[in-house]
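Novice: One structure coming up, written as C-alpha cells, with questions to follow.
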Amino acid sequence: MEKYTEKVMEHFQNPRNVGEIPDADGVGTVGNPACGDIMKLFIKVKDGKIVDAKFKTFGCGAAIATSSMVTELVIGKTIEEALTISKATVAEALGGLPPQKMHCSNLAADALKVAIDEYKAKSGGKKEEEK
Amino acid sequence: MEKYTEKVMEHFQNPRNVGEIPDADGVGTVGNPACGDIMKLFIKVKDGKIVDAKFKTFGCGAAIATSSMVTELVIGKTIEEALTISKATVAEALGGLPPQKMHCSNLAADALKVAIDEYKAKSGGKKEEEK
Amino acid sequence: MKRKVYMDYASTTPVRPEVAEAMIPYIKEEFGNPQSLHSFGDKPKQAVDEARVKVAELIGALQEEIYFTSSGTESDNFALKGIALAHQKKGKHIITSEIEHHAVLHSAKSLEKLGFEVTYVPVDKFGLIDPQQVRSAIRKDTILVSIVHASNEVGTIEPIEEISKVVKEAGVIFHTDALQTAGTIPVSVNALGVDLMSLAAHQFYGPKGVAAIYIRKGIRITPFIDGGVQENGRRAGTENVPAIAGMGKACELAKSEIPGRVEALTKLRDKFIQGLLSKIEHAYLNGHPTKRLPGNVNISFEYIEGESMLLFLNIEGVAASSGSACTSRALKASHVLTAMGVPPEIAQGSLLFSLGAGNSVEDIDYVCQILPPIVERLRKMSPLYEEASKAGKGK
Amino acid sequence: MKRKVYMDYASTTPVRPEVAEAMIPYIKEEFGNPQSLHSFGDKPKQAVDEARVKVAELIGALQEEIYFTSSGTESDNFALKGIALAHQKKGKHIITSEIEHHAVLHSAKSLEKLGFEVTYVPVDKFGLIDPQQVRSAIRKDTILVSIVHASNEVGTIEPIEEISKVVKEAGVIFHTDALQTAGTIPVSVNALGVDLMSLAAHQFYGPKGVAAIYIRKGIRITPFIDGGVQENGRRAGTENVPAIAGMGKACELAKSEIPGRVEALTKLRDKFIQGLLSKIEHAYLNGHPTKRLPGNVNISFEYIEGESMLLFLNIEGVAASSGSACTSRALKASHVLTAMGVPPEIAQGSLLFSLGAGNSVEDIDYVCQILPPIVERLRKMSPLYEEASKAGKGK
Ligand SMILES: Cc1ncc(COP(=O)(O)O)c(C=O)c1O
Ligand SMILES: Cc1ncc(COP(=O)(O)O)c(C=O)c1O
C-alpha cells in the first residue's frame, strides 16, 4: 500500500480540534458509511472570521488527518479566505496523500464549504431580519 | 526429461553387432530422417536359424540401444522364434523405455520383421526354384 | 524494541527455516533446468518430482494429478478459465459464490465477457453456502461449480462434501479454492469429492511464488499458460525449482503437524474472541462461531473504521487487516461481509486477526490490552458514536 | 572428478551469488506481503519497488511500465492474449514469425481457437525476418505484431528497429520476446521502438520463477491473471518478493557488466565455431555468422542425430542441447531450423552450445577435443553416412 506522509501520521495520531461546538454558527456533514468516511465540521464565526472549528470524523487515517488539518487551516481566517481552501490545499498542507485517498477520504474541504453555507444561510437570514 | 535405464545406456555406449553383413540373407530398413530415426538390420540365416545379425542406426540413444538389443536377441534363434520378438520384448529386455521413446525410437523389431520378410521372399523364391 | 505481533497469517505466512533450507541449494548450486537431457537437470528434476509427491500426499491425490503454478490466483484462473474453455461445447454456465476471493470472482467476470453466464450463490449471515441453493442453481448447461473451501476473510468453512454430492449428482465439474485450508486443516480431495483444488505454499509456511492445482485424472482442461511441455504440457514455463522444493517441504511439515497446529490455534482463537468481545462493547464476531478456520478472528467494532484501527495497532507493533473500504483499492467494504448482510458501517469497522504458528497467549493478552483504548479513542472522534450515545445506544 | 562444462545458458543460467544474497533475506526474514497496510509489508514493498526501478533502468523504461510475472512464458502469454482481448474491436489479426518460442506460437494457436487470425512471417536461411515481409502482412484489422528479438535456438538477432518502424507506420502495437537479449546484450525499448517486451531473470543470472513484461504507457491491455490489485491491477497474485528482489539485482549487475560480457563471449563463440568447423567435416553453422547472440554456437553435424551426441557429451561432463526431434516431446525437428529451410536430417544433427559467464577457453578446447571422436563413432554406426561415403560424399 502507498504510505502516508509523516505529517499525515502526526495529525492522525494527534488530531487538533476534535469535538463539537454546541452553539456552532455552521455545521457541515459530508460522506456516508458505505464509502467509509463521515465528517462533521463545526465552525464558530465572529465578525466575519472563523474563531473556532472542531470536527468529528468516522474514517480512515487520511479522513482524520484532513479533518484535523482543515480545522487548523481555517481558524483565524475570514469566511472569504476559508472558501479558498480546496482539497488540494489540504492535501498539500499534509505533504500529499496517496492517490486513492485523494477523493473519498479528503472530504474536509467539502465539509467546510457546507458549514460555511449553513453559516451564510443563517446569518444571511439574520441580516434579512435585521433589515 | 525421462531418463534411460542403465541397461539402455550400457547398450548405447557399447552397442553389440554394429556393422553390415555384405552377403546378408535379409536386410530391413525402417524409419526416416524426418522422424529422427533410421535403422538398417542385416541377418544371416542358416538352416532356419539366424546365425548372425548386424545393424546400422541413425537415431537417438533408444534407437541405438534397441538396435543393439535386437541383434543380441535374434542371434541363435529360429526364424519362427525371431518373429515373436515385438517392440515390447525389446523394451522389456532393456528394462523399459521412456514413454515418448516407445514408438518412434523402438523400430528394431520392425526392422527385424522386414529383414525376415526379405529373407523369406528370397528363400521362398529359391525353394520355388528348387522344386 | 517494541513488541512485534504478526496476526495476518491469512495474507501470507513466514517461511519455516526447514523450508528455506530446502530451497537454498536450488538457488545457489543446483540451478539446472529440469527439462534438460543432461545431468545439470537431474537434481532439479528430482526435486520437482519429490515435491509433487509431497503435495499429493498432503491432499490425498496422485502425484500426476498435481500441477505447479505461480500463485493461488493463477491456480484459480487456470481452474475457471481452463475448464470453461475445454467444456464450452457442453454449456456456458458456471456457478460460484458471492464470497469468493477476487481471483475467482474476477476470473468469472472475465468469462462473462467471453460469453459465459455466471450464477453467484448467496450465503447466510454466517457466511455459509446452502448445498440446496447450489442444487437449484445447476442447469443443463452448467459446466463448473467453484466454491471456496473457507473464506480468507471471515474464515467460515463451507460444507464442501455436501456441495460436492449435489454437484456430482448433476455430473458437473467441481473446483474448490482451498488456499486457506490446504496445509492448515486436514484436507482430502477424495473426502471432499472435488475435481480441482487450488492451494498455495505461502499460506502454510512455504515460499511465495509457487502454488499448485489438483486436477483429478480424466478431467479435461485447456492450458492457461501456453508454451513448452512443462507440467505434462498443462502449464508451460521454466519451473521455479527452489520454490517448488520449498512447497514440497512445507507440505511434508504440514502433513505431520496439522493436528497439533489446529488444536493450538483453535484454543488461541477462542480465547482471543472471548477476550475482545468481553472487553469491548458494540463488537460483533463475523462468520460462524464454530465452523471457522482455527486462526480466524474477525470482529466488527461499531462506529469506527478499520483502517484507523489498523494504523494505531501498527504503531503498537500489531499487524492485522480489515474489510473496510479504505483498506481496499476498490474503496468498497468487503464483498464477503456485504454478502453476509453485514451493514456497511459495521463492515467498515471490521478487523481480521489471523493467527498462526508464531502467536502466543501473550500476544492475545497484549492485543486485548492495547485495542480497547484505541477503540475508545476513535469512538470519541466518531460522529456515529456520538449520535448512537444520544440515541441511548452507546455508553 | 570429471570436468563439468555447462554450455546450456540459453536454457537457464546459474544464479549469481550477489543475486542469491539479495533474495535470501526475503525468504528468511522479510516475509511480509507488500500489499499490507502494516509494517511487515514495508521492506518487501520497498524491495519490489526498487527491483522495478532496476528492471526499468536495464531496458530504458519507466518504472511504472514494468510488471512482474512468473516466467518468460507468462509474459509472452500476457502480451499476446492481453493485447488481443483488449483490441479485438479494432480487429482480430495478429502477426508473428515462424521462429518464435513455443510460448508465443502456442499462445497464437490458442488465439486462433478464439477466432483470431494469425500470419506467421517466414525467415531466410539465416533465420532473419525481412521487415518488408512484415509490412506486406499488415492488414487493416492487424492489432499486434510479435517478433522474437533473438531466437533461443539459432541466436539470430532480428532487425527489431526496422521492423518496429514498419509496424509503427501502420499504427499497430508491437511486442518483442527479448528473453535471449535483455540482460545479455544492450536493449532499449525506445531504441527498438517496441510497445511490449518480455524478459526473464533466469536468462541472465537471476532466479527462476520471476520475469517481467514492459508495457508502454498508454497501451491498453486486458489482464491475463485476474484477481487482486497487485502490479497496479494488471497482474494479480501475491508477489514473489524474493525472486523479484533477485531479478532487480540481476538487472543491476547486467547493466554494468553487459559490455564486458558481450566482448568476452563473442570471442569465445567465434573461437569455438572455428574450432568445431575446422575439426569436424560435414558440419554447418546454423543461423547468421555475425548477427547472432554472443554466446550462441549452433552447428549441425551431418549423418548423425543430436540426442545421441548429447548423451555422449553428457557422459564427458558437457551440457548442451539440440534441435533434434528426439530431444523434443513433440518428436519433431526444431521448427526454427525447419523454417530456415534446413533439411530434416541436418536439423536432427544440430547441437546448440550456448555459452555464458562460466565458460573459458579451456572449456572450448575440451569440447573441441572430445566431440570429434563422438561424431566419428556415431557416424560409423550411421546408415546415412555409409550411403554418403559410397556416393563419394563422406570420407
Ligand atoms: C525466446 C524465449 N521465449 C520464451 C521463453 C520461455 O521462457 P520461460 O522458460 O522463462 O517461461 C524462452 C525460454 O528460454 C525463450 O528463450
Ligand atoms: C481464498 C483465497 N483465494 C485466492 C487467494 C489468492 O492467492 P495468491 O495471493 O497466492 O495469488 C488467496 C490469497 O490469500 C486466498 O486467501
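Residues are referred to by chain and number: the chain letter is A, B, ... according to the order shown in the C-alpha cells, the number counts from 1 in that chain, and ligands are numbered separately from 1 in the order shown.
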I need the residues of chain A that end up classed as strand (DSSP E) by DSSP on the backbone, written out as a ChimeraX atom specification.

Specialist: /A:26-32,37-46,49-58

Novice: Kindly save the residues from that selection, with N, CA and C atoms included, as a tab-separated table (two decimals), in the first residue's frame.

Specialist:
```
chain	number	residue	atom	x	y	z
A	26	GLY	N	-22.03	27.21	12.15
A	26	GLY	CA	-22.24	26.41	10.95
A	26	GLY	C	-21.76	25.00	11.20
A	27	VAL	N	-22.49	24.03	10.68
A	27	VAL	CA	-22.09	22.62	10.81
A	27	VAL	C	-22.17	22.00	9.42
A	28	GLY	N	-21.11	21.33	9.03
A	28	GLY	CA	-21.14	20.64	7.74
A	28	GLY	C	-20.92	19.16	7.93
A	29	THR	N	-21.83	18.34	7.42
A	29	THR	CA	-21.65	16.88	7.49
A	29	THR	C	-21.58	16.35	6.07
A	30	VAL	N	-20.54	15.60	5.79
A	30	VAL	CA	-20.41	15.00	4.45
A	30	VAL	C	-20.00	13.53	4.59
A	31	GLY	N	-20.19	12.80	3.49
A	31	GLY	CA	-19.80	11.38	3.47
A	31	GLY	C	-20.91	10.48	3.93
A	32	ASN	N	-20.67	9.18	3.82
A	32	ASN	CA	-21.63	8.20	4.33
A	32	ASN	C	-20.90	6.91	4.65
A	37	ASP	N	-16.30	6.96	5.02
A	37	ASP	CA	-15.90	8.19	5.73
A	37	ASP	C	-17.09	9.11	5.97
A	38	ILE	N	-17.20	9.60	7.19
A	38	ILE	CA	-18.20	10.62	7.52
A	38	ILE	C	-17.49	11.71	8.32
A	39	MET	N	-17.73	12.93	7.96
A	39	MET	CA	-17.05	14.03	8.59
A	39	MET	C	-18.07	15.07	9.01
A	40	LYS	N	-17.91	15.56	10.23
A	40	LYS	CA	-18.83	16.57	10.73
A	40	LYS	C	-17.97	17.73	11.23
A	41	LEU	N	-18.15	18.89	10.60
A	41	LEU	CA	-17.28	20.03	10.92
A	41	LEU	C	-18.11	21.17	11.50
A	42	PHE	N	-17.63	21.72	12.63
A	42	PHE	CA	-18.34	22.80	13.32
A	42	PHE	C	-17.49	24.07	13.22
A	43	ILE	N	-18.14	25.20	12.90
A	43	ILE	CA	-17.39	26.46	12.94
A	43	ILE	C	-18.11	27.51	13.79
A	44	LYS	N	-17.30	28.32	14.38
A	44	LYS	CA	-17.79	29.46	15.18
A	44	LYS	C	-17.26	30.71	14.49
A	45	VAL	N	-18.15	31.65	14.17
A	45	VAL	CA	-17.74	32.83	13.40
A	45	VAL	C	-17.99	34.10	14.20
A	46	LYS	N	-17.03	34.99	14.13
A	46	LYS	CA	-17.22	36.28	14.81
A	46	LYS	C	-16.67	37.37	13.93
A	49	LYS	N	-14.93	36.34	10.82
A	49	LYS	CA	-13.75	35.49	10.99
A	49	LYS	C	-14.12	34.19	11.67
A	50	ILE	N	-13.48	33.10	11.22
A	50	ILE	CA	-13.70	31.83	11.90
A	50	ILE	C	-12.82	31.81	13.14
A	51	VAL	N	-13.45	31.85	14.29
A	51	VAL	CA	-12.69	31.92	15.53
A	51	VAL	C	-12.48	30.56	16.17
A	52	ASP	N	-13.30	29.61	15.79
A	52	ASP	CA	-13.09	28.25	16.32
A	52	ASP	C	-13.64	27.24	15.30
A	53	ALA	N	-13.04	26.06	15.32
A	53	ALA	CA	-13.51	24.97	14.46
A	53	ALA	C	-13.23	23.66	15.16
A	54	LYS	N	-14.17	22.75	15.06
A	54	LYS	CA	-13.98	21.42	15.64
A	54	LYS	C	-14.55	20.38	14.68
A	55	PHE	N	-14.11	19.13	14.88
A	55	PHE	CA	-14.64	18.09	14.00
A	55	PHE	C	-14.87	16.78	14.72
A	56	LYS	N	-15.74	16.00	14.12
A	56	LYS	CA	-15.85	14.58	14.47
A	56	LYS	C	-15.82	13.81	13.16
A	57	THR	N	-15.00	12.76	13.14
A	57	THR	CA	-14.85	12.02	11.90
A	57	THR	C	-14.86	10.52	12.14
A	58	PHE	N	-15.61	9.84	11.27
A	58	PHE	CA	-15.58	8.38	11.18
A	58	PHE	C	-14.85	8.11	9.87
```

Novice: Residues of chain C that have any atom at most 7 Å from an atom of chain B: could you tabulate them with the shortest-distance atom pair and the distance in Å to one decimal, using only C-alpha atoms, ordered by chain and increasing number, as CSV?

Specialist:
```
residue,atom,partner,partner_atom,distance
C:Gln35,CA,B:Met1,CA,5.2
C:Ser36,CA,B:Met1,CA,6.2
C:Leu37,CA,B:Met1,CA,5.8
```

Novice: Taking only C-alpha atoms and all ligand atoms into account, which residues have an atom no farther than 6 Å from ligand 2? I'd like them as a ChimeraX atom specification.

Specialist: /C:11,71-73,101,103,151-152,177,179-180,200 /D:237-238

Novice: Could you tell me, counting only C-alpha atoms and all ligand atoms, which protein and nucleic acid residues lie no more than 10 Å from ligand 1, written as a PyMOL selection string?

Specialist: (chain C and resi 33+225-228+230+235-240) or (chain D and resi 9-12+69-77+99-105+147-153+155+176-181+198-203+208-212)

Novice: For Tyr366 of chain C, which residue among C:Tyr284, C:Phe272, C:Tyr385, C:Phe174 is the nearest when counting only C-alpha atoms?

Specialist: C:Phe272

Novice: So that I can see what lies close to segment 83-97 of chain B, please list as a list in words the residues with an atom at most 6 Å from it, counting only C-alpha atoms and leaving out residues fewer than 6 positions away in the same chain.

Specialist: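 Non-adjacent residues within range: Lys7, Val8 and Ala109 of chain B.
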
Novice: For all heavy atoms, I'd like the residues from the last selection saved as a JSON list (two decimals), in the first residue's frame.

Specialist:
```json
[["chain", "number", "residue", "atom", "x", "y", "z"],
["B", 7, "LYS", "N", 20.56, -50.20, -18.38],
["B", 7, "LYS", "CA", 20.73, -51.18, -19.46],
["B", 7, "LYS", "C", 20.70, -50.48, -20.82],
["B", 7, "LYS", "O", 21.51, -50.83, -21.70],
["B", 7, "LYS", "CB", 19.56, -52.18, -19.38],
["B", 7, "LYS", "CG", 19.74, -53.42, -20.22],
["B", 7, "LYS", "CD", 20.31, -54.56, -19.39],
["B", 7, "LYS", "CE", 20.61, -55.78, -20.22],
["B", 7, "LYS", "NZ", 20.03, -56.98, -19.60],
["B", 8, "VAL", "N", 19.81, -49.54, -20.99],
["B", 8, "VAL", "CA", 19.77, -48.79, -22.25],
["B", 8, "VAL", "C", 21.09, -48.07, -22.46],
["B", 8, "VAL", "O", 21.71, -48.14, -23.52],
["B", 8, "VAL", "CB", 18.61, -47.77, -22.26],
["B", 8, "VAL", "CG1", 18.70, -46.85, -23.49],
["B", 8, "VAL", "CG2", 17.26, -48.48, -22.24],
["B", 109, "ALA", "N", 12.42, -53.98, -33.81],
["B", 109, "ALA", "CA", 11.60, -55.17, -34.05],
["B", 109, "ALA", "C", 10.96, -55.10, -35.44],
["B", 109, "ALA", "O", 10.82, -56.12, -36.14],
["B", 109, "ALA", "CB", 10.53, -55.30, -32.96]]
```

Novice: Applying 12 Å and only C-alpha atoms, which residues near Ile315 of chain C remain after dropping the ones on its own chain fewer than 3 positions away? List them as a list in words.

Specialist: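 What passes the distance filter is Met9, Glu10, Phe12 and Gln13 of chain A; Lys2, Arg3, Lys4, Val5, Ser308, Met309, Leu310, Leu311, Phe312, Val318, Ala319, Ala320, Ile370, Leu371 and Ile374 of chain C; Leu37, His38, Ser39 and Phe40 of chain D.
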
Novice: Next, write the just-selected residues to a file, as a tab-separated table (two decimals), in the first residue's frame, keeping N, CA, C and O atoms as the atom set.

Specialist:
```tsv
chain	number	residue	atom	x	y	z
A	9	MET	N	0.51	11.22	9.40
A	9	MET	CA	0.52	10.36	10.59
A	9	MET	C	0.53	11.19	11.87
A	9	MET	O	-0.08	10.81	12.87
A	10	GLU	N	1.21	12.31	11.82
A	10	GLU	CA	1.28	13.16	13.01
A	10	GLU	C	-0.12	13.71	13.32
A	10	GLU	O	-0.57	13.65	14.46
A	12	PHE	N	-2.92	12.40	12.31
A	12	PHE	CA	-3.80	11.27	12.63
A	12	PHE	C	-3.64	10.89	14.11
A	12	PHE	O	-4.61	10.67	14.82
A	13	GLN	N	-2.39	10.89	14.57
A	13	GLN	CA	-2.16	10.46	15.95
A	13	GLN	C	-2.49	11.55	16.96
A	13	GLN	O	-2.84	11.24	18.10
C	2	LYS	N	9.95	-2.33	20.48
C	2	LYS	CA	8.54	-2.60	20.69
C	2	LYS	C	8.20	-4.05	20.35
C	2	LYS	O	8.82	-4.66	19.50
C	3	ARG	N	7.20	-4.55	21.02
C	3	ARG	CA	6.70	-5.89	20.72
C	3	ARG	C	6.18	-5.92	19.29
C	3	ARG	O	5.50	-5.00	18.83
C	4	LYS	N	6.50	-7.00	18.58
C	4	LYS	CA	6.02	-7.16	17.21
C	4	LYS	C	5.08	-8.36	17.19
C	4	LYS	O	5.49	-9.47	17.54
C	5	VAL	N	3.86	-8.13	16.82
C	5	VAL	CA	2.88	-9.22	16.82
C	5	VAL	C	2.27	-9.34	15.43
C	5	VAL	O	1.55	-8.44	14.98
C	308	SER	N	-8.23	3.06	10.42
C	308	SER	CA	-7.66	3.86	11.51
C	308	SER	C	-7.29	2.97	12.70
C	308	SER	O	-6.28	3.21	13.37
C	309	MET	N	-8.07	1.92	12.93
C	309	MET	CA	-7.67	0.97	13.98
C	309	MET	C	-6.35	0.29	13.61
C	309	MET	O	-5.45	0.14	14.45
C	310	LEU	N	-6.26	-0.13	12.34
C	310	LEU	CA	-5.05	-0.82	11.89
C	310	LEU	C	-3.81	0.06	12.05
C	310	LEU	O	-2.75	-0.42	12.45
C	311	LEU	N	-3.98	1.36	11.77
C	311	LEU	CA	-2.83	2.26	11.89
C	311	LEU	C	-2.36	2.34	13.33
C	311	LEU	O	-1.16	2.27	13.61
C	312	PHE	N	-3.32	2.47	14.25
C	312	PHE	CA	-2.92	2.52	15.66
C	312	PHE	C	-2.34	1.19	16.12
C	312	PHE	O	-1.36	1.15	16.87
C	318	VAL	N	1.38	-4.26	16.08
C	318	VAL	CA	0.47	-5.36	15.77
C	318	VAL	C	0.03	-5.29	14.30
C	318	VAL	O	-0.48	-4.26	13.85
C	319	ALA	N	0.21	-6.39	13.58
C	319	ALA	CA	-0.15	-6.46	12.17
C	319	ALA	C	-1.44	-7.25	12.01
C	319	ALA	O	-1.52	-8.41	12.37
C	320	ALA	N	-2.47	-6.57	11.48
C	320	ALA	CA	-3.75	-7.25	11.22
C	320	ALA	C	-4.29	-6.69	9.92
C	320	ALA	O	-3.62	-5.92	9.23
C	370	ILE	N	-4.17	-3.46	24.38
C	370	ILE	CA	-3.97	-2.20	23.64
C	370	ILE	C	-5.18	-1.82	22.78
C	370	ILE	O	-5.36	-0.64	22.47
C	371	LEU	N	-5.99	-2.78	22.39
C	371	LEU	CA	-7.07	-2.42	21.47
C	371	LEU	C	-8.18	-1.58	22.11
C	371	LEU	O	-8.64	-0.61	21.50
C	374	ILE	N	-7.63	2.09	21.93
C	374	ILE	CA	-7.66	2.56	20.54
C	374	ILE	C	-9.11	2.75	20.10
C	374	ILE	O	-9.49	3.76	19.51
D	37	LEU	N	-1.01	-3.10	4.93
D	37	LEU	CA	-1.07	-1.76	5.47
D	37	LEU	C	-0.06	-1.61	6.60
D	37	LEU	O	0.42	-0.53	6.90
D	38	HIS	N	0.27	-2.75	7.22
D	38	HIS	CA	1.14	-2.72	8.40
D	38	HIS	C	2.61	-2.84	8.00
D	38	HIS	O	2.94	-3.09	6.84
D	39	SER	N	3.46	-2.67	9.00
D	39	SER	CA	4.88	-2.50	8.69
D	39	SER	C	5.59	-3.79	8.29
D	39	SER	O	6.70	-3.72	7.78
D	40	PHE	N	4.95	-4.96	8.48
D	40	PHE	CA	5.60	-6.18	7.99
D	40	PHE	C	5.71	-6.15	6.45
D	40	PHE	O	6.49	-6.88	5.87
```

Novice: Do you have the atom CA of Gly248 of chain D-atom CA of Val48 of chain D distance handy?

Specialist: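 If I compute the distance from atom CA of Gly248 of chain D to atom CA of Val48 of chain D, I get 8.2 Å.
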
Novice: So that I can check the surroundings of Gly260 of chain C, please list as a list in words every protein, DNA and RNA residue that reaches within 12 Å of it, counting only C-alpha atoms and ignoring chain neighbours fewer than 6 positions away.

Specialist: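 Selected residues are Thr184, Ile185, Pro186, Leu253, Ala254, Thr266, Lys267, Pro294, Gly356 and Ala357 of chain C.
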
Novice: Applying 10 Å and only C-alpha atoms, which residues near Cys368 of chain C remain after dropping the ones on its own chain fewer than 2 positions away? List them as a VMD selection string.

Specialist: chain C and resid 272 to 280 362 to 366 370 to 373

Novice: Would you output that residue set with N, CA and C atoms, as a compact mmCIF listing (two decimals), in the first residue's frame?

Specialist:
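Everything below was put into selection-v8.txt:
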```txt
# COMPACT_ATOMS: atom_id res chain seq x y z
N PHE C 272 -9.10 -15.48 22.28
CA PHE C 272 -8.96 -14.12 21.74
C PHE C 272 -10.34 -13.52 21.49
N ILE C 273 -11.21 -14.30 20.85
CA ILE C 273 -12.57 -13.81 20.56
C ILE C 273 -13.26 -13.42 21.86
N GLN C 274 -13.18 -14.31 22.80
CA GLN C 274 -13.82 -14.06 24.09
C GLN C 274 -13.25 -12.81 24.75
N GLY C 275 -11.93 -12.71 24.71
CA GLY C 275 -11.26 -11.55 25.32
C GLY C 275 -11.73 -10.25 24.71
N LEU C 276 -11.76 -10.19 23.39
CA LEU C 276 -12.13 -8.94 22.74
C LEU C 276 -13.59 -8.61 22.98
N LEU C 277 -14.45 -9.62 22.83
CA LEU C 277 -15.89 -9.35 22.99
C LEU C 277 -16.22 -8.95 24.42
N SER C 278 -15.46 -9.46 25.37
CA SER C 278 -15.78 -9.13 26.76
C SER C 278 -15.22 -7.76 27.14
N LYS C 279 -14.16 -7.34 26.46
CA LYS C 279 -13.55 -6.06 26.84
C LYS C 279 -14.11 -4.87 26.08
N ILE C 280 -14.69 -5.13 24.92
CA ILE C 280 -15.11 -4.01 24.08
C ILE C 280 -16.60 -4.15 23.74
N GLU C 362 0.48 -14.62 25.16
CA GLU C 362 0.95 -13.27 25.48
C GLU C 362 0.54 -12.27 24.39
N ASP C 363 0.61 -12.73 23.13
CA ASP C 363 0.20 -11.85 22.03
C ASP C 363 -1.27 -11.47 22.18
N ILE C 364 -2.07 -12.48 22.49
CA ILE C 364 -3.50 -12.26 22.66
C ILE C 364 -3.75 -11.25 23.77
N ASP C 365 -3.07 -11.48 24.90
CA ASP C 365 -3.24 -10.59 26.04
C ASP C 365 -2.81 -9.16 25.66
N TYR C 366 -1.72 -9.09 24.94
CA TYR C 366 -1.22 -7.78 24.53
C TYR C 366 -2.26 -7.03 23.70
N ILE C 370 -4.17 -3.46 24.38
CA ILE C 370 -3.97 -2.20 23.64
C ILE C 370 -5.18 -1.82 22.78
N LEU C 371 -5.99 -2.78 22.39
CA LEU C 371 -7.07 -2.42 21.47
C LEU C 371 -8.18 -1.58 22.11
N PRO C 372 -8.62 -1.92 23.35
CA PRO C 372 -9.72 -1.11 23.90
C PRO C 372 -9.47 0.39 23.92
N PRO C 373 -8.30 0.86 24.36
CA PRO C 373 -8.10 2.33 24.32
C PRO C 373 -8.10 2.89 22.89
```

Novice: Taking the DSSP secondary structure from the backbone, can you list the residues of segment 26-174 of chain D that are alpha helix (DSSP H), as a ChimeraX atom specification?

Specialist: /D:26-28,42-59,72-87,102-113,131-137,160-169

Novice: Have a look at C:Val123, C:Leu62, C:Tyr67, C:Pro344 and name the one nearest to Gly233 of chain C; count only C-alpha atoms.

Specialist: C:Tyr67
